[in-house]
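K.L.:
Okay, here's the structure, questions in a sec.
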There are 2 protein chains.
Amino acid sequence: ILNLGINDEVVKGIIRKTNNPDFAYDIYKRFIEIFSDVIFGIKREEFWKISVDDKEKTIEKYKELFYERAKKEFPQDPYECLKMAIEGVFNSWNNPRAKEYRKIYQIPEDLGTAVNIQAMVFGNWNERSGTGVLFTRNVKNGENKIYGEFLFQAQGEDLVAGHVTPLPLEVLKDKMPEIYSKLERYVKKLERKLKDVQDVEFTIEDGKLYFLQTRAAKRTPLAAVKIACDMVKEKLLTKEEAIMRISGEDIDYFLHPTFDPNYPLEIITKGKPASPGCAVGEIVLSAEKAIEIAKQNRKVILVRDFTKADDVAGMAKAEGFVTTTGGETSHAAVVARGMGKPCIVGCSEIDIDFENKILKIKDIILKEGDKISINGATGEIIKGEVPLIKSEFPEELKLLLSWAEKIAKMKVRANADTPIDAENAKKMGANGIGLARTEHMFFAKERIKYVQLMILAKDEKERKDILSKLLPFQKNDFKELFRVMNGLPVTIRTLDPPLHEFLPPKEKTEAINELAKELNIDKQVLIRKIEELEEHNPMMGLRGCRLGIIYPEITEMQIRAIFEAACEVKQEGIKVNLEIMVPLVSILEEFLFQKEIVENISKEVFREKGVKLDYKIGTMMETPRACLIAKELAKYADFFSYGTNDLTQFVFGFSRDDSPKFLVPYQQRKIINFEPFKTIDEKGVGSLILDSVLEAKRINKNIKIGICGEHGGDEKSILFARKIGMDYVSCSPYRVPKALLAAAQAEIILKKKKITQITTK
Amino acid sequence: ILNLGINDEVVKGIIRKTNNPDFAYDIYKRFIEIFSDVIFGIKREEFWKISVDDKEKTIEKYKELFYERAKKEFPQDPYECLKMAIEGVFNSWNNPRAKEYRKIYQIPEDLGTAVNIQAMVFGNWNERSGTGVLFTRNVKNGENKIYGEFLFQAQGEDLVAGHVTPLPLEVLKDKMPEIYSKLERYVKKLERKLKDVQDVEFTIEDGKLYFLQTRAAKRTPLAAVKIACDMVKEKLLTKEEAIMRISGEDIDYFLHPTFDPNYPLEIITKGKPASPGCAVGEIVLSAEKAIEIAKQNRKVILVRDFTKADDVAGMAKAEGFVTTTGGETSHAAVVARGMGKPCIVGCSEIDIDFENKILKIKDIILKEGDKISINGATGEIIKGEVPLIKSEFPEELKLLLSWAEKIAKMKVRANADTPIDAENAKKMGANGIGLARTEHMFFAKERIKYVQLMILAKDEKERKDILSKLLPFQKNDFKELFRVMNGLPVTIRTLDPPLHEFLPPKEKTEAINELAKELNIDKQVLIRKIEELEEHNPMMGLRGCRLGIIYPEITEMQIRAIFEAACEVKQEGIKVNLEIMVPLVSILEEFLFQKEIVENISKEVFREKGVKLDYKIGTMMETPRACLIAKELAKYADFFSYGTNDLTQFVFGFSRDDSPKFLVPYQQRKIINFEPFKTIDEKGVGSLILDSVLEAKRINKNIKIGICGEHGGDEKSILFARKIGMDYVSCSPYRVPKALLAAAQAEIILKKKKITQITTK
């Protein structure tokens, strides 16, 4: 609140002193406007409607308007005004806008606010007066050069309001060179003292420089990264401090191309942002169509109600995905983040008419083939083709990440299923593969047929025959993975999903007919198998190691493929750092049963190949019971990898596919104040993990412990993982740089003793 | 092994001493037979094929056969024979039959066995010799009278083998009165000393009585109950000891009618016994058909692949159920045990052809309407109508149960949803209702329509309107429950199942058409709602308190109905002991949100009715997270009721409907050695429960804790519940007597310090 203290008396004094009634009435006028607005809620715009040439008369009219609206005289006692102003600022803590702001920036509700009272200096005093703002460095590109704007004969608010065009700061160099050099000197001093780029407000009153305010400047990701690096070079910051200066969102910016900011966007609807990035393409309504169109080198956006495992091949061909249902951890979202592609989910306004191949969005109708653009960071869907601009990792970011990797005690691995994923993971800085899902190798065209025949096999013998045809495919995949990761750990998980995911759903009569023809089997046999595999709750059915126990021949084939691949590449001179992971264990004997297969087959292969190699065998910790029997499992497992997605589902008793229906209203009704599938629920899931980690380490001090769920790429969850003493996190390749940063930040926070590692209960 | 020590020399000495070559050669012959069989595996039947009149020659032939088969001479050294016999007995510990026996009777593998060596006495010495077995009381009906059989001039094995018809023991009274009275005196002494009915083997050699063996006698449930009671009256046993003498299976016997044991059974297939009892009726293949036929006073057995919530009305009309899929805790099994009806599940040999309304079982074809009989205790399905015999609770059992109730510290409640259930629960000895599932009241004919309309309501207002029509029904149900239980606790759970259970499944086009017509709504609207309610994993979807938070108006209606009912019956002079239970909590705020509704509505009703009453509000503990945040919940909850069914599902990560597919092979492959849905998994689920109970009691020492899952009726689980200090268990009404017995037995075991209550971690 500027100009507080002025009243009918004081204004006369100022006129007497300055001999400038225009100036005096101008500040009185401004004061009435601001004070009425902030304290009494009378909008400034209402005062502006009053147009009187005479300045003194204007004040009268202003006071009349005030009286009319506030039902009292405009206060004349400066102390009363001051008290009201102070109260007004304190009250503003609770206005809806402030609340919203705190929510967005996660500022605690009980932090409170302060009131700063400063003597006025007047930038509008005379022609040797003025007001300006400056940044001590360029906040757009990080250049180490003062940058700012200035207005002669004005108050600070004139600069902000935007009805006068400010001048570049450089004008001061000519007009007031002494002031300029003083300014330059002092703001650099401020920067050195405060160790960060400053956003400074200043005023010049009658040729004298006053600083009003300085604070850390907001900056673009590009600037943030350059400034952090430069300040290390300038010895202003340590590497640790520089790392604390950038955020995961800064890194996101460099990962994805963005829309040309100058292009006008025709937003037709919004969904939930599930995987950042911008993409443009033709609408396709099925995975098959995506493959077909993409073959012609045309870009496509896949729009579905939801996606499933057998859509993955088509998803790989699309630029991005939109689903009408699902949340941030739906299949589409998880695959998208894994592939580093933009994805928008839960676009409930879109109504897909598959029969007529059109989308209805309120009154808008889009056909398959129409172009749309999507922004996975905002959830916006735009009609037509928006031009894209691509960003690259700047050298400074690469440098920062190399420091992060050295500082972080926890390793960052990537979830990668194919050699291409693995290449990418390595490029992103991953220290190994924390989760290679072998089933993802099954969906490729020439393989799925064998998988389907294997499922349909009438007995163990037939199943083994068909499995032997799958073996070479898996083996080659593994060889490639080992070659790419040469010496870095590769954690391979045995078959995990329920078998029905490899067959068409019951209602898809056409797909069933086609498949029966393709596989040359009786349609009824296929239908019967599909029905047999149906489950009430597939999440809690025949999947994970349960499959490898009911059909040990599947595990045997996979383990043979792994070890044959490992031995063969070892003979090529490749270093193999193999970890085998058993999924969905809840009973010790499940793990032991699968471990025995691994031990037997590996010995067999070593004998056959005349090669030996060390390997680790561990278990995925994704059922609550696995955590509860951690001390038993730790006796036999070389590592634990927490599958925090499934663990979260079981601990809460809600599935990530079905839960958005109630989790969204839960957030609105403040039943829950975090997203359990994004950030680890420390109180519930976390306490179960913590207890089991402590138990496991007590029994087996060499056990390696990590996370391979979606949470492995989440900043807060990474801090939690470090706090409880985990060795690594694993996330999708595109999240690796963010995870590296978070892992280094966790270490720094720990060093500063802001948190302490938990080592006992 | 009888007669050991005899050889070519000894036989001559016996002849010299007894002057009875027939006797001497007879025992030599028997010895060769038994010894060859037990030690060398040469079957006795092989010796019996040798027929020579001359006894001495027979021995020669026997020895020849032995030589031929054993490739050595029949041993003549008695000490060598003794050594071999001892080794033979020890080795028998590991023969397959013994292993099987131990498995059935749960005898530990490492218990070991003993060898008892006794001097021979010869019941076949002369006509003043003989052998007999007796029971000190009647083991069929429990009558306190010696009962047994005797054979003159015979060895014990003759009595067992059954090729000679034995005489009733009474013959000794006439023929050897002194021996008889001595026998009577001594066996009663044995009974007094050993405090149990004895099964005694004795031999008389030349007029002298010898006891060979005595052991506790096996007895029928009828005898077990009578004997236990009588022995308390005779001051032979304390009440506690008597209670330890009967088992849950003994009680089962009295709960269900059984097949006439004299009727020959044509068993056509077997499934898993899921709910004991025998039933006879016509085959029906749908719940609707069951209702239709039952209306004509004809008895039906419902045969389905599986059952669902909307089959319950039809199930109520059937005598018993058979399903081709599912396990002991499938819907059919749980409902069956709840209703006390026989049920067989997982009858995989039955192939139901719904179109032609026939069952195929291998080569047998049965039509709808054909009569079958089922035995839920054995899993047997019998063609045709087997006559049934009904048993009643004998007075002695009632007496025993009344003692059990006094001894047990833990209360036994029943899961009961309707006034009829409640009546029955009370009759069975329940101390209250531990779980009244309000949704079960929704399925009745005149109500389901409103429930369906409520689900289809287009907004909150319409939903509230329809809910107000359901209110009177619920209120009347609650009034009846309170009247029946007058003063005993009644725990009412708010709506729990997912809403789609109230609508027909998507594929049932006909049912959908009919319903649309009945409700007078657009078919497409109905279909859209059904699709909207579809879930990937309904177990982990929108159900439990999640419903009451998304649609608070449902909770409001239910709570209003409960309190209006409670206030109104209180005005009638009925004592109301009300407990309200919130299902499927995993977040503290879920519970608080529902609790607030209860508090607000109850206050409103108290004001309206001018009546006040105390009530408790608690939470069902059925998600792992509820257990993990027990200390938070315990601050606000008056009681915890562990829903161990769901908790087991979430802890293991497998659903009870889908798990039989792998749990059965798991048992075969020794991956798991217990049934987690029958007996609480102490290591996993149990440890989670234990920790949460201890935490809760630390925070709220008055908190009441119980179990209301299927495990509440299981003996071992009841012992566990007592061990960790629970206050009550709740099970289906028909399991209450068994639970009462188990609760008393748990107390006795605790008192004997065989186990100790756990009070700290």
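The chains in the structure tokens are called A, B, ... from first to last as shown; in each chain the residues are counted from 1, and the ligands are counted from 1 in the order shown.
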Just need the residues of chain B within 7 Å of chain A, counting only C-alpha atoms, so spit them out as a PyMOL selection string.
P.N.:
chain B and resi 535-542+546+550+586+589-590+623-625+628-629+650-655+657-659+662+665+671+684
K.L.:
According to DSSP computed on the backbone, where in region 333-484 of chain B is there helix (DSSP H, G or I)? Give the residues as a ChimeraX atom specification.
P.N.:
/B:333-339,395-407,419-427,438-442,445-456,460-484
K.L.:
So that I can check the surroundings of Leu82 (chain B), please list as a ChimeraX atom specification every protein, DNA and RNA residue that reaches within 9 Å of it, counting only C-alpha atoms and ignoring chain neighbours fewer than 4 positions away.
P.N.:
/B:4-5,77-78,86-87
K.L.:
Using DSSP on the backbone coordinates, identify all residues within region 309-537 of chain B classified as strand (DSSP E or B); present the result as an MDAnalysis selection string.
P.N.:
chainID B and resid 320:323 343:345 350:353 358:361 364:367 371:375 380:383 388:389 411:415 433:437 489:493
K.L.:
Please report the interatomic distance between CA of Arg560 (chain B) and CA of Phe482 (chain B) in Å with one decimal.
P.N.:
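It comes out at 15.0 Å.
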K.L.:
Just want the 12 Å neighbourhood of Glu9 (chain B), counted on only C-alpha atoms, with same-chain residues fewer than 6 positions away dropped. Output as a PDB file with C-alpha atoms, in the first residue's frame.
P.N.:
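The resulting file, out-v9.pdb, is reproduced below:
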```
ATOM      1  CA  ILE B  15       4.780-129.677  22.533  1.00  0.00           C
ATOM      2  CA  ARG B  16       6.567-131.364  25.408  1.00  0.00           C
ATOM      3  CA  ALA B  24       2.376-125.425  19.192  1.00  0.00           C
ATOM      4  CA  TYR B  25       2.393-125.677  15.415  1.00  0.00           C
ATOM      5  CA  TYR B  28       4.665-121.308  14.878  1.00  0.00           C
ATOM      6  CA  GLN B  76      16.003-119.593  13.906  1.00  0.00           C
ATOM      7  CA  ASP B  77      17.761-117.258  16.327  1.00  0.00           C
ATOM      8  CA  PRO B  78      15.067-115.583  18.535  1.00  0.00           C
TER       9      PRO B  78
END
```
K.L.:
Write out as a PDB file with N, CA, C and O atoms, in the first residue's frame each polymer residue whose atoms come within 9 Å of region 526-530 of chain B, counting only C-alpha atoms; drop sequence neighbours fewer than 2 positions from it.
P.N.:
```pdb
ATOM      1  N   ILE B 455     -29.555 -46.226  -7.902  1.00  0.00           N
ATOM      2  CA  ILE B 455     -28.285 -46.277  -8.644  1.00  0.00           C
ATOM      3  C   ILE B 455     -28.408 -45.499  -9.959  1.00  0.00           C
ATOM      4  O   ILE B 455     -27.468 -44.840 -10.394  1.00  0.00           O
ATOM      5  N   LEU B 456     -29.585 -45.560 -10.549  1.00  0.00           N
ATOM      6  CA  LEU B 456     -29.797 -44.920 -11.843  1.00  0.00           C
ATOM      7  C   LEU B 456     -30.162 -43.436 -11.725  1.00  0.00           C
ATOM      8  O   LEU B 456     -30.291 -42.744 -12.739  1.00  0.00           O
ATOM      9  N   HIS B 500     -22.614 -52.384  -8.830  1.00  0.00           N
ATOM     10  CA  HIS B 500     -22.984 -53.203  -9.990  1.00  0.00           C
ATOM     11  C   HIS B 500     -23.596 -54.529  -9.576  1.00  0.00           C
ATOM     12  O   HIS B 500     -24.275 -55.167 -10.357  1.00  0.00           O
ATOM     13  N   LEU B 503     -27.267 -54.732 -10.253  1.00  0.00           N
ATOM     14  CA  LEU B 503     -27.787 -54.695 -11.621  1.00  0.00           C
ATOM     15  C   LEU B 503     -27.375 -55.972 -12.350  1.00  0.00           C
ATOM     16  O   LEU B 503     -26.401 -56.615 -11.965  1.00  0.00           O
ATOM     17  N   PRO B 504     -28.107 -56.337 -13.420  1.00  0.00           N
ATOM     18  CA  PRO B 504     -27.709 -57.547 -14.149  1.00  0.00           C
ATOM     19  C   PRO B 504     -26.373 -57.330 -14.865  1.00  0.00           C
ATOM     20  O   PRO B 504     -26.027 -56.200 -15.197  1.00  0.00           O
ATOM     21  N   PRO B 505     -25.603 -58.407 -15.087  1.00  0.00           N
ATOM     22  CA  PRO B 505     -24.340 -58.236 -15.811  1.00  0.00           C
ATOM     23  C   PRO B 505     -24.576 -57.867 -17.269  1.00  0.00           C
ATOM     24  O   PRO B 505     -25.632 -58.159 -17.835  1.00  0.00           O
ATOM     25  N   LYS B 506     -23.579 -57.204 -17.854  1.00  0.00           N
ATOM     26  CA  LYS B 506     -23.678 -56.635 -19.194  1.00  0.00           C
ATOM     27  C   LYS B 506     -24.158 -57.628 -20.241  1.00  0.00           C
ATOM     28  O   LYS B 506     -24.933 -57.282 -21.127  1.00  0.00           O
ATOM     29  N   ILE B 512     -31.559 -57.462 -18.823  1.00  0.00           N
ATOM     30  CA  ILE B 512     -31.485 -56.002 -18.943  1.00  0.00           C
ATOM     31  C   ILE B 512     -32.773 -55.458 -19.557  1.00  0.00           C
ATOM     32  O   ILE B 512     -33.357 -54.494 -19.046  1.00  0.00           O
ATOM     33  N   LEU B 515     -35.528 -55.655 -16.971  1.00  0.00           N
ATOM     34  CA  LEU B 515     -35.378 -54.673 -15.908  1.00  0.00           C
ATOM     35  C   LEU B 515     -35.750 -53.273 -16.399  1.00  0.00           C
ATOM     36  O   LEU B 515     -36.426 -52.519 -15.699  1.00  0.00           O
ATOM     37  N   ALA B 516     -35.305 -52.951 -17.618  1.00  0.00           N
ATOM     38  CA  ALA B 516     -35.610 -51.633 -18.178  1.00  0.00           C
ATOM     39  C   ALA B 516     -37.126 -51.449 -18.240  1.00  0.00           C
ATOM     40  O   ALA B 516     -37.659 -50.386 -17.901  1.00  0.00           O
ATOM     41  N   ILE B 521     -37.579 -47.437 -17.683  1.00  0.00           N
ATOM     42  CA  ILE B 521     -36.510 -46.519 -18.100  1.00  0.00           C
ATOM     43  C   ILE B 521     -35.979 -46.963 -19.460  1.00  0.00           C
ATOM     44  O   ILE B 521     -36.208 -48.096 -19.894  1.00  0.00           O
ATOM     45  N   ASP B 522     -35.235 -46.063 -20.090  1.00  0.00           N
ATOM     46  CA  ASP B 522     -34.632 -46.357 -21.388  1.00  0.00           C
ATOM     47  C   ASP B 522     -33.568 -47.440 -21.221  1.00  0.00           C
ATOM     48  O   ASP B 522     -32.712 -47.353 -20.352  1.00  0.00           O
ATOM     49  N   LYS B 523     -33.634 -48.445 -22.084  1.00  0.00           N
ATOM     50  CA  LYS B 523     -32.685 -49.559 -22.028  1.00  0.00           C
ATOM     51  C   LYS B 523     -31.246 -49.054 -22.148  1.00  0.00           C
ATOM     52  O   LYS B 523     -30.345 -49.543 -21.471  1.00  0.00           O
ATOM     53  N   GLN B 524     -31.051 -48.067 -23.022  1.00  0.00           N
ATOM     54  CA  GLN B 524     -29.690 -47.563 -23.245  1.00  0.00           C
ATOM     55  C   GLN B 524     -29.128 -46.895 -21.985  1.00  0.00           C
ATOM     56  O   GLN B 524     -27.938 -46.994 -21.705  1.00  0.00           O
ATOM     57  N   GLU B 532     -20.776 -48.118 -16.958  1.00  0.00           N
ATOM     58  CA  GLU B 532     -20.093 -47.141 -16.117  1.00  0.00           C
ATOM     59  C   GLU B 532     -19.624 -47.784 -14.806  1.00  0.00           C
ATOM     60  O   GLU B 532     -18.579 -47.424 -14.266  1.00  0.00           O
ATOM     61  N   LEU B 533     -20.413 -48.718 -14.317  1.00  0.00           N
ATOM     62  CA  LEU B 533     -20.089 -49.337 -13.022  1.00  0.00           C
ATOM     63  C   LEU B 533     -19.097 -50.486 -13.156  1.00  0.00           C
ATOM     64  O   LEU B 533     -18.594 -51.001 -12.162  1.00  0.00           O
ATOM     65  N   GLU B 534     -18.838 -50.903 -14.405  1.00  0.00           N
ATOM     66  CA  GLU B 534     -17.881 -51.994 -14.618  1.00  0.00           C
ATOM     67  C   GLU B 534     -16.523 -51.631 -14.035  1.00  0.00           C
ATOM     68  O   GLU B 534     -16.069 -50.497 -14.166  1.00  0.00           O
TER      69      GLU B 534
END
```
K.L.:
Rank A:Pro733, A:Ile554, A:Arg69, A:Met339 by their smallest atom-to-atom distance to Lys43 (chain A), using only C-alpha atoms, and report the top residue only.
P.N.:
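Among A:Pro733, A:Ile554, A:Arg69, A:Met339, it is A:Arg69 that comes nearest to Lys43 (chain A).
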K.L.:
Using only C-alpha atoms, find the one residue out of A:Leu578, A:Ala333, A:Val598, A:Val133 that sits nearest to Gln558 (chain A).
P.N.:
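Among A:Leu578, A:Ala333, A:Val598, A:Val133, it is A:Val598 that comes nearest to Gln558 (chain A).
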